[in-house]
$ cat coords_15.cif   # mmCIF, C-alpha atoms
data_my_file
loop_
_atom_site.group_PDB
_atom_site.id
_atom_site.type_symbol
_atom_site.label_atom_id
_atom_site.label_comp_id
_atom_site.auth_asym_id
_atom_site.auth_seq_id
_atom_site.Cartn_x
_atom_site.Cartn_y
_atom_site.Cartn_z
ATOM 1 C CA MET V 5 -31.888 11.154 5.104
ATOM 2 C CA LYS V 6 -30.234 12.921 8.019
ATOM 3 C CA ALA V 7 -27.124 14.884 7.201
ATOM 4 C CA GLY V 8 -24.074 14.973 9.407
ATOM 5 C CA GLY V 9 -20.566 13.783 9.871
ATOM 6 C CA VAL V 10 -18.959 11.609 12.520
ATOM 7 C CA ALA V 11 -18.948 12.800 16.107
ATOM 8 C CA CYS V 12 -18.087 11.371 19.484
ATOM 9 C CA THR V 13 -18.452 12.713 22.996
ATOM 10 C CA ASP V 14 -16.455 11.640 26.067
ATOM 11 C CA LEU V 15 -15.460 8.371 24.418
ATOM 12 C CA VAL V 16 -13.809 5.809 26.696
ATOM 13 C CA LYS V 17 -12.648 2.282 25.889
ATOM 14 C CA SER V 18 -10.848 -0.052 28.271
ATOM 15 C CA PHE V 19 -9.276 -3.475 27.904
ATOM 16 C CA GLY V 20 -7.897 -6.015 30.348
ATOM 17 C CA ASP V 21 -8.326 -6.939 33.979
ATOM 18 C CA PRO V 22 -7.734 -4.685 35.773
ATOM 19 C CA PRO V 23 -9.027 -2.442 32.972
ATOM 20 C CA ILE V 24 -6.636 -0.071 31.239
ATOM 21 C CA ASP V 25 -8.088 2.888 29.332
ATOM 22 C CA VAL V 26 -6.981 2.729 25.691
ATOM 23 C CA ILE V 27 -9.242 5.640 24.668
ATOM 24 C CA ARG V 28 -9.667 8.338 27.305
ATOM 25 C CA ASN V 29 -12.511 10.859 27.118
ATOM 26 C CA ILE V 30 -12.121 11.758 23.445
ATOM 27 C CA THR V 31 -14.543 14.269 21.947
ATOM 28 C CA LEU V 32 -14.336 14.874 18.188
ATOM 29 C CA ASN V 33 -16.411 16.203 15.317
ATOM 30 C CA VAL V 34 -15.587 15.237 11.715
ATOM 31 C CA LYS V 35 -17.493 17.170 9.060
ATOM 32 C CA ARG V 36 -19.035 15.486 6.029
ATOM 33 C CA GLY V 37 -16.614 15.526 3.122
ATOM 34 C CA ASP V 38 -13.508 15.757 5.306
ATOM 35 C CA PHE V 39 -10.374 13.616 4.888
ATOM 36 C CA VAL V 40 -8.873 12.838 8.291
ATOM 37 C CA ALA V 41 -5.665 10.977 9.098
ATOM 38 C CA ILE V 42 -5.470 9.430 12.571
ATOM 39 C CA THR V 43 -1.835 9.035 13.572
ATOM 40 C CA GLY V 44 0.208 7.964 16.570
ATOM 41 C CA ARG V 45 2.677 5.380 17.756
ATOM 42 C CA SER V 46 1.785 1.713 18.014
ATOM 43 C CA GLY V 47 -0.472 1.287 21.040
ATOM 44 C CA SER V 48 -1.649 4.901 21.037
ATOM 45 C CA GLY V 49 -5.259 3.835 20.406
ATOM 46 C CA LYS V 50 -5.671 4.969 16.809
ATOM 47 C CA SER V 51 -7.173 1.740 15.441
ATOM 48 C CA THR V 52 -9.389 1.399 18.504
ATOM 49 C CA LEU V 53 -10.686 4.927 17.932
ATOM 50 C CA LEU V 54 -11.445 4.131 14.292
ATOM 51 C CA TYR V 55 -13.368 0.996 15.266
ATOM 52 C CA LEU V 56 -15.388 2.931 17.834
ATOM 53 C CA LEU V 57 -16.237 5.726 15.395
ATOM 54 C CA SER V 58 -17.344 3.207 12.768
ATOM 55 C CA GLY V 59 -19.361 1.029 15.118
ATOM 56 C CA LEU V 60 -17.097 -1.983 14.697
ATOM 57 C CA ASP V 61 -16.468 -1.786 18.435
ATOM 58 C CA VAL V 62 -18.601 -0.511 21.312
ATOM 59 C CA PRO V 63 -17.329 2.132 23.759
ATOM 60 C CA GLY V 64 -17.248 1.567 27.489
ATOM 61 C CA SER V 65 -18.852 4.971 27.846
ATOM 62 C CA GLY V 66 -19.542 7.985 25.668
ATOM 63 C CA GLN V 67 -21.552 8.458 22.506
ATOM 64 C CA VAL V 68 -20.897 8.081 18.770
ATOM 65 C CA THR V 69 -23.065 9.737 16.126
ATOM 66 C CA VAL V 70 -22.730 9.011 12.409
ATOM 67 C CA ASP V 71 -24.817 10.822 9.810
ATOM 68 C CA GLY V 72 -27.069 12.121 12.573
ATOM 69 C CA GLU V 73 -27.715 8.649 13.997
ATOM 70 C CA ARG V 74 -26.637 7.608 17.481
ATOM 71 C CA LEU V 75 -25.106 4.207 16.853
ATOM 72 C CA GLU V 76 -26.029 2.769 20.257
ATOM 73 C CA ALA V 77 -29.686 3.679 19.653
ATOM 74 C CA LEU V 78 -29.944 1.545 16.513
ATOM 75 C CA SER V 79 -31.225 -2.016 16.691
ATOM 76 C CA PRO V 80 -28.767 -4.683 15.471
ATOM 77 C CA GLU V 81 -30.776 -5.071 12.254
ATOM 78 C CA ASP V 82 -30.954 -1.326 11.624
ATOM 79 C CA PHE V 83 -27.267 -0.924 12.379
ATOM 80 C CA ASP V 84 -26.291 -3.699 9.943
ATOM 81 C CA SER V 85 -28.312 -2.006 7.207
ATOM 82 C CA PHE V 86 -26.974 1.447 8.129
ATOM 83 C CA ARG V 87 -23.375 0.235 8.058
ATOM 84 C CA ASN V 88 -23.760 -1.651 4.793
ATOM 85 C CA GLU V 89 -25.408 1.276 2.997
ATOM 86 C CA ARG V 90 -23.470 4.242 4.366
ATOM 87 C CA MET V 91 -20.055 2.955 5.459
ATOM 88 C CA GLY V 92 -17.176 1.402 3.576
ATOM 89 C CA PHE V 93 -14.225 -0.316 5.240
ATOM 90 C CA VAL V 94 -10.652 -0.914 4.096
ATOM 91 C CA PHE V 95 -8.152 -2.742 6.266
ATOM 92 C CA GLN V 96 -4.452 -3.547 6.123
ATOM 93 C CA PHE V 97 -5.414 -7.021 4.905
ATOM 94 C CA HIS V 98 -7.864 -7.117 2.019
ATOM 95 C CA TYR V 99 -10.273 -9.771 3.426
ATOM 96 C CA LEU V 100 -11.470 -10.743 -0.040
ATOM 97 C CA LEU V 101 -13.333 -14.046 -0.158
ATOM 98 C CA PRO V 102 -10.840 -16.489 -1.724
ATOM 99 C CA GLU V 103 -13.385 -18.455 -3.744
ATOM 100 C CA LEU V 104 -14.942 -15.407 -5.418
ATOM 101 C CA THR V 105 -13.664 -13.441 -8.404
ATOM 102 C CA ALA V 106 -12.707 -9.780 -8.168
ATOM 103 C CA LEU V 107 -16.076 -8.780 -9.643
ATOM 104 C CA GLU V 108 -17.993 -11.021 -7.237
ATOM 105 C CA ASN V 109 -16.028 -9.706 -4.256
ATOM 106 C CA ILE V 110 -16.683 -6.099 -5.234
ATOM 107 C CA LEU V 111 -20.405 -6.817 -5.487
ATOM 108 C CA MET V 112 -20.665 -8.475 -2.055
ATOM 109 C CA PRO V 113 -22.070 -5.424 -0.175
ATOM 110 C CA ALA V 114 -24.624 -4.949 -2.949
ATOM 111 C CA ARG V 115 -25.566 -8.625 -2.802
ATOM 112 C CA ARG V 116 -26.249 -8.355 0.942
ATOM 113 C CA SER V 117 -28.827 -5.666 0.230
ATOM 114 C CA GLY V 118 -30.223 -7.379 -2.869
ATOM 115 C CA ARG V 119 -28.803 -4.741 -5.231
ATOM 116 C CA HIS V 120 -26.087 -6.744 -6.992
ATOM 117 C CA LEU V 121 -27.795 -6.714 -10.394
ATOM 118 C CA GLU V 122 -28.422 -2.976 -10.118
ATOM 119 C CA LYS V 123 -24.772 -2.353 -9.171
ATOM 120 C CA LYS V 124 -23.042 -4.629 -11.684
ATOM 121 C CA ALA V 125 -22.361 -1.787 -14.136
ATOM 122 C CA LYS V 126 -20.927 0.262 -11.243
ATOM 123 C CA ALA V 127 -18.658 -2.642 -10.317
ATOM 124 C CA GLU V 128 -17.423 -2.916 -13.902
ATOM 125 C CA ALA V 129 -16.733 0.827 -13.907
ATOM 126 C CA LEU V 130 -14.732 0.537 -10.671
ATOM 127 C CA LEU V 131 -12.710 -2.318 -12.152
ATOM 128 C CA ASP V 132 -11.835 -0.076 -15.062
ATOM 129 C CA GLN V 133 -11.188 3.004 -12.903
ATOM 130 C CA PHE V 134 -8.844 1.082 -10.583
ATOM 131 C CA GLU V 135 -7.062 -0.639 -13.503
ATOM 132 C CA LEU V 136 -8.450 -4.030 -12.511
ATOM 133 C CA SER V 137 -10.376 -5.021 -15.624
ATOM 134 C CA HIS V 138 -7.856 -7.796 -16.298
ATOM 135 C CA CYS V 139 -8.662 -9.212 -12.842
ATOM 136 C CA ARG V 140 -12.428 -9.275 -13.381
ATOM 137 C CA ASP V 141 -12.686 -13.077 -13.330
ATOM 138 C CA LYS V 142 -9.615 -13.821 -11.201
ATOM 139 C CA VAL V 143 -9.805 -15.092 -7.640
ATOM 140 C CA PRO V 144 -7.654 -13.239 -5.099
ATOM 141 C CA GLY V 145 -4.967 -15.932 -5.138
ATOM 142 C CA LYS V 146 -4.272 -15.060 -8.776
ATOM 143 C CA MET V 147 -3.937 -11.324 -8.051
ATOM 144 C CA SER V 148 -1.018 -9.281 -6.731
ATOM 145 C CA GLY V 149 -1.136 -7.612 -3.333
ATOM 146 C CA GLY V 150 -1.788 -4.227 -4.891
ATOM 147 C CA GLU V 151 -4.565 -5.628 -7.070
ATOM 148 C CA GLN V 152 -6.180 -7.304 -4.061
ATOM 149 C CA GLN V 153 -6.164 -4.063 -2.073
ATOM 150 C CA ARG V 154 -7.595 -2.050 -4.959
ATOM 151 C CA ALA V 155 -10.362 -4.652 -5.281
ATOM 152 C CA ALA V 156 -11.028 -4.286 -1.549
ATOM 153 C CA ILE V 157 -11.329 -0.516 -1.942
ATOM 154 C CA ALA V 158 -13.691 -0.968 -4.888
ATOM 155 C CA ARG V 159 -15.796 -3.294 -2.718
ATOM 156 C CA ALA V 160 -15.899 -0.609 -0.014
ATOM 157 C CA LEU V 161 -17.104 1.964 -2.549
ATOM 158 C CA ILE V 162 -19.643 -0.083 -4.518
ATOM 159 C CA LEU V 163 -22.647 1.355 -2.640
ATOM 160 C CA GLU V 164 -21.187 4.890 -2.735
ATOM 161 C CA PRO V 165 -21.011 5.161 1.053
ATOM 162 C CA HIS V 166 -20.965 8.491 2.838
ATOM 163 C CA PHE V 167 -18.026 7.345 4.961
ATOM 164 C CA LEU V 168 -14.889 5.332 4.262
ATOM 165 C CA PHE V 169 -13.024 3.989 7.294
ATOM 166 C CA ALA V 170 -9.512 2.771 6.520
ATOM 167 C CA ASP V 171 -7.141 1.080 8.979
ATOM 168 C CA GLU V 172 -3.544 1.148 7.713
ATOM 169 C CA PRO V 173 -4.740 0.627 4.108
ATOM 170 C CA THR V 174 -1.172 0.895 2.728
ATOM 171 C CA GLY V 175 0.469 -1.146 5.492
ATOM 172 C CA ASN V 176 1.093 -4.263 3.376
ATOM 173 C CA LEU V 177 1.899 -2.430 0.132
ATOM 174 C CA ASP V 178 5.086 -1.227 -1.506
ATOM 175 C CA SER V 179 5.526 2.496 -2.128
ATOM 176 C CA SER V 180 4.138 2.365 -5.664
ATOM 177 C CA ASN V 181 0.929 0.581 -4.667
ATOM 178 C CA GLY V 182 0.655 2.731 -1.559
ATOM 179 C CA GLU V 183 0.754 5.803 -3.770
ATOM 180 C CA THR V 184 -1.983 4.317 -5.954
ATOM 181 C CA VAL V 185 -4.210 3.758 -2.920
ATOM 182 C CA MET V 186 -3.685 7.327 -1.721
ATOM 183 C CA ASN V 187 -4.514 8.675 -5.185
ATOM 184 C CA ILE V 188 -7.773 6.702 -5.115
ATOM 185 C CA PHE V 189 -8.644 8.072 -1.684
ATOM 186 C CA GLU V 190 -7.957 11.657 -2.750
ATOM 187 C CA HIS V 191 -10.034 11.161 -5.884
ATOM 188 C CA VAL V 192 -13.136 9.782 -4.135
ATOM 189 C CA ASN V 193 -12.867 12.429 -1.426
ATOM 190 C CA LYS V 194 -12.709 15.288 -3.914
ATOM 191 C CA THR V 195 -15.057 14.040 -6.615
ATOM 192 C CA LEU V 196 -17.669 12.118 -4.585
ATOM 193 C CA GLY V 197 -17.401 13.989 -1.304
ATOM 194 C CA THR V 198 -16.762 10.730 0.541
ATOM 195 C CA THR V 199 -15.750 11.379 4.136
ATOM 196 C CA ILE V 200 -12.539 9.460 4.860
ATOM 197 C CA LEU V 201 -11.105 8.542 8.249
ATOM 198 C CA MET V 202 -7.767 6.802 7.800
ATOM 199 C CA VAL V 203 -5.382 5.345 10.347
ATOM 200 C CA THR V 204 -1.796 5.509 9.128
ATOM 201 C CA HIS V 205 1.725 5.414 10.514
ATOM 202 C CA GLU V 206 3.129 6.965 7.320
ATOM 203 C CA PRO V 207 3.783 10.716 7.803
ATOM 204 C CA ASP V 208 3.808 11.388 4.042
ATOM 205 C CA TYR V 209 0.382 9.810 3.606
ATOM 206 C CA ALA V 210 -1.021 11.523 6.695
ATOM 207 C CA ALA V 211 0.116 14.864 5.272
ATOM 208 C CA ARG V 212 -2.105 14.313 2.227
ATOM 209 C CA ALA V 213 -5.237 14.338 4.382
ATOM 210 C CA ARG V 214 -6.988 17.631 5.049
ATOM 211 C CA ARG V 215 -6.810 17.105 8.801
ATOM 212 C CA GLN V 216 -4.496 15.167 11.103
ATOM 213 C CA ILE V 217 -5.431 13.877 14.545
ATOM 214 C CA GLN V 218 -2.495 12.552 16.562
ATOM 215 C CA LEU V 219 -3.134 10.267 19.512
ATOM 216 C CA VAL V 220 -0.780 9.772 22.434
ATOM 217 C CA ASP V 221 -1.759 7.221 25.071
ATOM 218 C CA GLY V 222 -5.428 7.346 24.143
ATOM 219 C CA VAL V 223 -5.900 11.107 24.096
ATOM 220 C CA VAL V 224 -5.770 13.665 21.284
ATOM 221 C CA ALA V 225 -2.345 15.287 21.457
ATOM 222 C CA GLU V 226 -2.652 17.331 18.251
ATOM 223 C CA ASP V 227 -5.536 18.183 15.929
ATOM 224 C CA SER V 228 -4.777 20.273 12.842
ATOM 225 C CA ASP V 229 -8.447 21.297 12.707
ATOM 226 C CA ALA V 230 -8.522 22.521 16.281
#
$ encode --input "coords_15.cif" --output "structure tokens"
Amino acid sequence: MKAGGVACTDLVKSFGDPPIDVIRNITLNVKRGDFVAITGRSGSGKSTLLYLLSGLDVPGSGQVTVDGERLEALSPEDFDSFRNERMGFVFQFHYLLPELTALENILMPARRSGRHLEKKAKAEALLDQFELSHCRDKVPGKMSGGEQQRAAIARALILEPHFLFADEPTGNLDSSNGETVMNIFEHVNKTLGTTILMVTHEPDYAARARRQIQLVDGVVAEDSDA
């Protein structure tokens, strides 16, 4: 397995007609095991950058490398497998499947790779670790917002990915549940070495990351690692 972090070179992304550059010639290198907060005002390009770095979106030009693999060089099948095995995703909305229980939702990435039986004990352990054991057999509609988001994080971590990409993961949560999410992120970063890239508009949460990258109009205005 190739080692490496997340890197991009001369990344450009445009939208609209005529096209407007939302990401403008960004070059970054995120080391394995880092915890990075991507900040900036609404419209600064921070979510777009996260989607480009994770392969959820394709750049207009430039290159993205994750774990030593150039994403654009992977076939669609190889990329799907690569993303499922090595990347976890957490969004502002939990995107749990409404007809599945918390346990079944958490096991979804493992089911896609045929490893759900192997990972069931891991899923049970995550339920316990995230104080969700009482939600094991509940569908999302019977869970609180904080419980749903913790289940979504557990789903993202079930295959012990190298990288966790999070887009405003506390955006729909109250301060107590937001604090719980941040504690989980800090724990997996420190104990598992999971590389975390997190978009946030909350200065207090951004300050808990090891590195902050601030975007202004699609360019890096500040980088605490620079």
$ resolve_selection --input "coords_15.cif" --expression "the PyMOL selection byres ((chain V and resi 45) around 8)" --output "list of chain:residue names"
V:Thr43, V:Gly44, V:Ser46, V:Gly47, V:Ser48, V:His205, V:Leu219, V:Val220
$ resolve_selection --input "coords_15.cif" --expression "the PyMOL selection byres ((chain V and resi 137) around 12)" --output "list of chain:residue names"
V:Thr105, V:Ala106, V:Leu107, V:Ala127, V:Glu128, V:Ala129, V:Leu130, V:Leu131, V:Asp132, V:Gln133, V:Phe134, V:Glu135, V:Leu136, V:His138, V:Cys139, V:Arg140, V:Asp141, V:Lys142, V:Met147, V:Glu151, V:Arg154, V:Ala155, V:Ala158
$ closest_residue --input "coords_15.cif" --among "V:Arg116, V:Lys17, V:Arg74, V:Arg36" --to "V:Tyr55" --atoms "only C-alpha atoms"
V:Lys17
$ atom_distance --input "coords_15.cif" --atom1 "atom CA of V:Leu100" --atom2 "atom CA of V:Glu183"
20.9 Å
$ atom_distance --input "coords_15.cif" --atom1 "atom CA of V:Gly8" --atom2 "atom CA of V:Glu81"
21.3 Å
$ atom_distance --input "coords_15.cif" --atom1 "atom CA of V:Gly49" --atom2 "atom CA of V:Thr69"
19.2 Å
$ closest_residue --input "coords_15.cif" --among "V:Thr184, V:Asn88, V:Asn176, V:Thr13" --to "V:Leu57" --atoms "only C-alpha atoms"
V:Thr13
$ closest_residue --input "coords_15.cif" --among "V:Asp38, V:Ala225, V:Lys126, V:Ser65" --to "V:Asp25" --atoms "all atoms listed in the file"
V:Ser65
$ closest_residue --input "coords_15.cif" --among "V:Ala210, V:Leu161, V:Leu201, V:Leu177" --to "V:Glu89" --atoms "only C-alpha atoms"
V:Leu161
$ residues_around --input "coords_15.cif" --residues "V:Arg115" --least-positions-apart "4" --cutoff "12 Å" --atoms "all atoms listed in the file" --output "ChimeraX atom specification"
/V:88-89,107-111,119-124,127,159,162-163
$ closest_residue --input "coords_15.cif" --among "V:Phe39, V:Phe95, V:Phe169, V:Phe19" --to "V:Ser58" --atoms "all atoms listed in the file"
V:Phe169
$ closest_residue --input "coords_15.cif" --among "V:Glu73, V:Ser180, V:Glu164, V:Asp227" --to "V:Thr195" --atoms "only C-alpha atoms"
V:Glu164
$ decode --input "coords_15.cif" --residues "stretch 131-217 of chain V" --atoms "C-alpha atoms" --output "PDB file, in the first residue's frame"
ATOM      1  CA  LEU V 131     -22.204   2.136  18.692  1.00  0.00           C
ATOM      2  CA  ASP V 132     -20.929   1.725  22.223  1.00  0.00           C
ATOM      3  CA  GLN V 133     -18.053   4.199  21.808  1.00  0.00           C
ATOM      4  CA  PHE V 134     -20.363   6.894  20.404  1.00  0.00           C
ATOM      5  CA  GLU V 135     -23.048   6.237  23.054  1.00  0.00           C
ATOM      6  CA  LEU V 136     -25.457   4.882  20.452  1.00  0.00           C
ATOM      7  CA  SER V 137     -26.079   1.365  21.727  1.00  0.00           C
ATOM      8  CA  HIS V 138     -29.676   2.302  22.553  1.00  0.00           C
ATOM      9  CA  CYS V 139     -30.145   3.275  18.889  1.00  0.00           C
ATOM     10  CA  ARG V 140     -28.833  -0.017  17.502  1.00  0.00           C
ATOM     11  CA  ASP V 141     -32.190  -1.110  16.068  1.00  0.00           C
ATOM     12  CA  LYS V 142     -33.735   2.336  15.560  1.00  0.00           C
ATOM     13  CA  VAL V 143     -34.294   3.889  12.154  1.00  0.00           C
ATOM     14  CA  PRO V 144     -33.058   7.469  11.739  1.00  0.00           C
ATOM     15  CA  GLY V 145     -36.550   8.917  12.158  1.00  0.00           C
ATOM     16  CA  LYS V 146     -36.561   7.622  15.735  1.00  0.00           C
ATOM     17  CA  MET V 147     -33.179   9.198  16.554  1.00  0.00           C
ATOM     18  CA  SER V 148     -32.246  12.741  17.563  1.00  0.00           C
ATOM     19  CA  GLY V 149     -30.177  14.969  15.304  1.00  0.00           C
ATOM     20  CA  GLY V 150     -27.073  14.394  17.387  1.00  0.00           C
ATOM     21  CA  GLU V 151     -27.603  10.633  17.359  1.00  0.00           C
ATOM     22  CA  GLN V 152     -28.064  10.652  13.583  1.00  0.00           C
ATOM     23  CA  GLN V 153     -24.823  12.571  13.059  1.00  0.00           C
ATOM     24  CA  ARG V 154     -22.865  10.298  15.390  1.00  0.00           C
ATOM     25  CA  ALA V 155     -24.219   7.304  13.458  1.00  0.00           C
ATOM     26  CA  ALA V 156     -23.077   8.974  10.230  1.00  0.00           C
ATOM     27  CA  ILE V 157     -19.585   9.426  11.665  1.00  0.00           C
ATOM     28  CA  ALA V 158     -19.523   5.789  12.776  1.00  0.00           C
ATOM     29  CA  ARG V 159     -20.511   4.792   9.229  1.00  0.00           C
ATOM     30  CA  ALA V 160     -17.626   6.886   7.881  1.00  0.00           C
ATOM     31  CA  LEU V 161     -15.193   5.125  10.221  1.00  0.00           C
ATOM     32  CA  ILE V 162     -16.372   1.515   9.922  1.00  0.00           C
ATOM     33  CA  LEU V 163     -13.628   0.552   7.439  1.00  0.00           C
ATOM     34  CA  GLU V 164     -10.983   2.505   9.395  1.00  0.00           C
ATOM     35  CA  PRO V 165     -10.244   4.848   6.494  1.00  0.00           C
ATOM     36  CA  HIS V 166      -6.964   6.698   6.179  1.00  0.00           C
ATOM     37  CA  PHE V 167      -8.825   9.938   5.479  1.00  0.00           C
ATOM     38  CA  LEU V 168     -11.970  11.533   6.876  1.00  0.00           C
ATOM     39  CA  PHE V 169     -13.462  14.392   4.858  1.00  0.00           C
ATOM     40  CA  ALA V 170     -16.038  16.432   6.762  1.00  0.00           C
ATOM     41  CA  ASP V 171     -18.127  19.282   5.335  1.00  0.00           C
ATOM     42  CA  GLU V 172     -19.637  21.424   8.106  1.00  0.00           C
ATOM     43  CA  PRO V 173     -20.184  18.318  10.288  1.00  0.00           C
ATOM     44  CA  THR V 174     -21.517  20.419  13.206  1.00  0.00           C
ATOM     45  CA  GLY V 175     -23.599  22.782  11.065  1.00  0.00           C
ATOM     46  CA  ASN V 176     -26.992  21.326  12.042  1.00  0.00           C
ATOM     47  CA  LEU V 177     -26.112  20.574  15.673  1.00  0.00           C
ATOM     48  CA  ASP V 178     -26.485  22.455  18.931  1.00  0.00           C
ATOM     49  CA  SER V 179     -23.354  23.351  20.889  1.00  0.00           C
ATOM     50  CA  SER V 180     -23.462  20.227  23.052  1.00  0.00           C
ATOM     51  CA  ASN V 181     -23.705  17.826  20.112  1.00  0.00           C
ATOM     52  CA  GLY V 182     -21.181  19.885  18.174  1.00  0.00           C
ATOM     53  CA  GLU V 183     -18.747  19.457  21.043  1.00  0.00           C
ATOM     54  CA  THR V 184     -19.371  15.705  21.010  1.00  0.00           C
ATOM     55  CA  VAL V 185     -18.575  15.525  17.294  1.00  0.00           C
ATOM     56  CA  MET V 186     -15.348  17.479  17.764  1.00  0.00           C
ATOM     57  CA  ASN V 187     -14.313  15.195  20.629  1.00  0.00           C
ATOM     58  CA  ILE V 188     -14.846  12.185  18.354  1.00  0.00           C
ATOM     59  CA  PHE V 189     -12.755  13.766  15.608  1.00  0.00           C
ATOM     60  CA  GLU V 190      -9.911  14.573  18.000  1.00  0.00           C
ATOM     61  CA  HIS V 191     -10.027  11.044  19.385  1.00  0.00           C
ATOM     62  CA  VAL V 192      -9.831   9.251  16.019  1.00  0.00           C
ATOM     63  CA  ASN V 193      -7.122  11.632  14.832  1.00  0.00           C
ATOM     64  CA  LYS V 194      -4.947  11.043  17.883  1.00  0.00           C
ATOM     65  CA  THR V 195      -5.579   7.364  18.536  1.00  0.00           C
ATOM     66  CA  LEU V 196      -6.025   5.984  14.996  1.00  0.00           C
ATOM     67  CA  GLY V 197      -3.939   8.500  13.084  1.00  0.00           C
ATOM     68  CA  THR V 198      -6.881   9.259  10.803  1.00  0.00           C
ATOM     69  CA  THR V 199      -6.147  12.243   8.585  1.00  0.00           C
ATOM     70  CA  ILE V 200      -9.024  14.723   8.894  1.00  0.00           C
ATOM     71  CA  LEU V 201      -9.911  17.546   6.522  1.00  0.00           C
ATOM     72  CA  MET V 202     -12.848  19.506   7.903  1.00  0.00           C
ATOM     73  CA  VAL V 203     -14.716  22.474   6.490  1.00  0.00           C
ATOM     74  CA  THR V 204     -16.127  24.656   9.251  1.00  0.00           C
ATOM     75  CA  HIS V 205     -17.364  28.194   9.779  1.00  0.00           C
ATOM     76  CA  GLU V 206     -16.962  27.874  13.563  1.00  0.00           C
ATOM     77  CA  PRO V 207     -13.725  29.569  14.736  1.00  0.00           C
ATOM     78  CA  ASP V 208     -13.679  27.628  18.027  1.00  0.00           C
ATOM     79  CA  TYR V 209     -13.862  24.296  16.214  1.00  0.00           C
ATOM     80  CA  ALA V 210     -11.306  25.347  13.606  1.00  0.00           C
ATOM     81  CA  ALA V 211      -8.910  26.248  16.421  1.00  0.00           C
ATOM     82  CA  ARG V 212      -9.007  22.643  17.647  1.00  0.00           C
ATOM     83  CA  ALA V 213      -7.461  21.394  14.407  1.00  0.00           C
ATOM     84  CA  ARG V 214      -3.688  21.185  14.126  1.00  0.00           C
ATOM     85  CA  ARG V 215      -3.681  23.317  10.988  1.00  0.00           C
ATOM     86  CA  GLN V 216      -5.997  25.974   9.580  1.00  0.00           C
ATOM     87  CA  ILE V 217      -6.303  26.868   5.906  1.00  0.00           C
TER      88      ILE V 217
END
